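Enquirer: Got a structure here, written out as structure tokens. Questions coming.
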Amino acid sequence: MSGYTQSEIDSIAGWLRAGDSASKAAAKLSTMRGRAVSRNAIIGIVHRNAKLAAIGFGRAKSSPASEGSSTYTPEEIKLVADCLKAKRNYVQIAQRLALKSGRIISRFGVKSLIRRTPELNEIGFRGKKGRPSDKKKAAPGQLPGRLFIAATADIDRDPSAFDYLTRPAVRALASQPHFAAMRFVDCLPARCRAPLSYDLEERPGPDMLCCGHLAMPSRSYCAYHEIRLTARKAEFIAEAA
């Protein structure tokens, strides 16, 4: 194998049989060579070499020295067993175990302990998975009805199908133009003399048709034409300026 002598391969094989990890094997090989060897290099040679791959790392196989060894005392394992029988979840078991042991224990550590301990694995997890929730369950009267849920789902699926249910905006009807159509000579001073025809080709004359409605007090036009003609004059003045 390129980069490793046969004596180094045999030494790595002996370290793997002893249960050393890749980091420990890298440290020993660095001491043997006199220069640094990384952990990834050990992992690579173990995967590439058939002899070393057959042995594998010590974590994959439990060595006789490591059987029965645990960081948890029998009292702590009994506490976990009691919690499992009481249908506690992982978070609650971790809290109880942390109070008893005086060290920080996560729910993942409890899950790993149950999986690798035969007596705990036999009991199994009986509690509800996930963190305990402080939210109270909603009463049936507070939940939305079946028809409301169905209508909401339909609207979310195709909003355009329910456009016709929207009421049109209510708009006030504007006042319609109206007139009496009187001749200019027949309009009294109290009548509106606004011309009905704005054709500039025809010059104003006595027979020109006018509005004829009653004019506003002290005004020359009725309420409709007063607003219309006054606004037009303001526009003409603004354009001329």
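Chain labels A, B, ... are given in the sequence in which chains occur in the structure tokens; within each chain residues are numbered consecutively from 1, and ligands are likewise numbered from 1 in the order shown.
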Residues near Glu76 of chain A, anyone? I mean within 10 Å using only C-alpha atoms, not counting same-chain ones fewer than 3 positions away, as an mmCIF file with N, CA and C atoms, in the first residue's frame.

Expert:
```cif
data_model
loop_
_atom_site.group_PDB
_atom_site.id
_atom_site.type_symbol
_atom_site.label_atom_id
_atom_site.label_comp_id
_atom_site.auth_asym_id
_atom_site.auth_seq_id
_atom_site.Cartn_x
_atom_site.Cartn_y
_atom_site.Cartn_z
ATOM 1 N N THR A 71 -21.303 4.729 32.375
ATOM 2 C CA THR A 71 -21.110 5.933 33.182
ATOM 3 C C THR A 71 -22.248 6.152 34.154
ATOM 4 N N TYR A 72 -23.243 5.290 34.136
ATOM 5 C CA TYR A 72 -24.390 5.408 35.021
ATOM 6 C C TYR A 72 -24.327 4.328 36.092
ATOM 7 N N THR A 73 -24.672 4.715 37.301
ATOM 8 C CA THR A 73 -24.674 3.775 38.421
ATOM 9 C C THR A 73 -25.935 2.920 38.379
ATOM 10 N N LEU A 79 -33.569 4.263 38.452
ATOM 11 C CA LEU A 79 -34.416 5.451 38.359
ATOM 12 C C LEU A 79 -34.986 5.606 36.950
ATOM 13 N N VAL A 80 -34.161 5.356 35.951
ATOM 14 C CA VAL A 80 -34.642 5.438 34.569
ATOM 15 C C VAL A 80 -35.694 4.371 34.303
ATOM 16 N N ALA A 81 -35.499 3.166 34.855
ATOM 17 C CA ALA A 81 -36.479 2.093 34.674
ATOM 18 C C ALA A 81 -37.812 2.459 35.311
ATOM 19 N N ASP A 82 -37.764 3.050 36.505
ATOM 20 C CA ASP A 82 -39.008 3.471 37.163
ATOM 21 C C ASP A 82 -39.717 4.559 36.360
ATOM 22 N N ARG A 96 -35.012 14.282 35.940
ATOM 23 C CA ARG A 96 -34.911 13.488 37.174
ATOM 24 C C ARG A 96 -33.500 12.941 37.353
ATOM 25 N N LEU A 97 -32.910 12.479 36.250
ATOM 26 C CA LEU A 97 -31.571 11.902 36.311
ATOM 27 C C LEU A 97 -30.517 12.962 36.608
ATOM 28 N N ALA A 98 -30.715 14.172 36.094
ATOM 29 C CA ALA A 98 -29.770 15.256 36.366
ATOM 30 C C ALA A 98 -29.822 15.676 37.830
ATOM 31 N N LYS A 100 -30.543 13.733 40.341
ATOM 32 C CA LYS A 100 -29.965 12.674 41.172
ATOM 33 C C LYS A 100 -28.448 12.595 41.021
ATOM 34 N N SER A 101 -27.964 12.752 39.770
ATOM 35 C CA SER A 101 -26.527 12.592 39.528
ATOM 36 C C SER A 101 -25.746 13.884 39.724
#
```

Enquirer: List the neighbours of Lys111 of chain A out to 12 Å using only C-alpha atoms; skip same-chain residues closer than 2 positions along the sequence, and give me the result as a list of chain:residue names.

Expert: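 In the requested form, the answer reads A:Val80, A:Leu84, A:Asn89, A:Tyr90, A:Val91, A:Gln92, A:Ile93, A:Ala94, A:Ile105, A:Ser106, A:Arg107, A:Phe108, A:Gly109, A:Leu113, A:Ile114, A:Arg115, A:Arg116, A:Thr117, A:Leu120, A:Asn121, A:Gly124, A:Phe125, A:Lys129.
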
Enquirer: Would you mind telling me which residue in A:Cys210, A:Leu52, A:Ala18, A:Ala194 lies nearest to Ala223 of chain A when using only C-alpha atoms?

Expert: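 Closest to Ala223 of chain A, using only C-alpha atoms: A:Ala194.
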
Enquirer: For the atom pair atom CA of Thr31 of chain A and atom CA of Phe57 of chain A, what is the interatomic distance in Å to one decimal place?

Expert: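 It comes out at 20.0 Å.
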
Enquirer: Counting only C-alpha atoms, what is within 7 Å of Leu214 of chain A, bar same-chain residues fewer than 6 positions away, as a ChimeraX atom specification?

Expert: /A:190-192,222
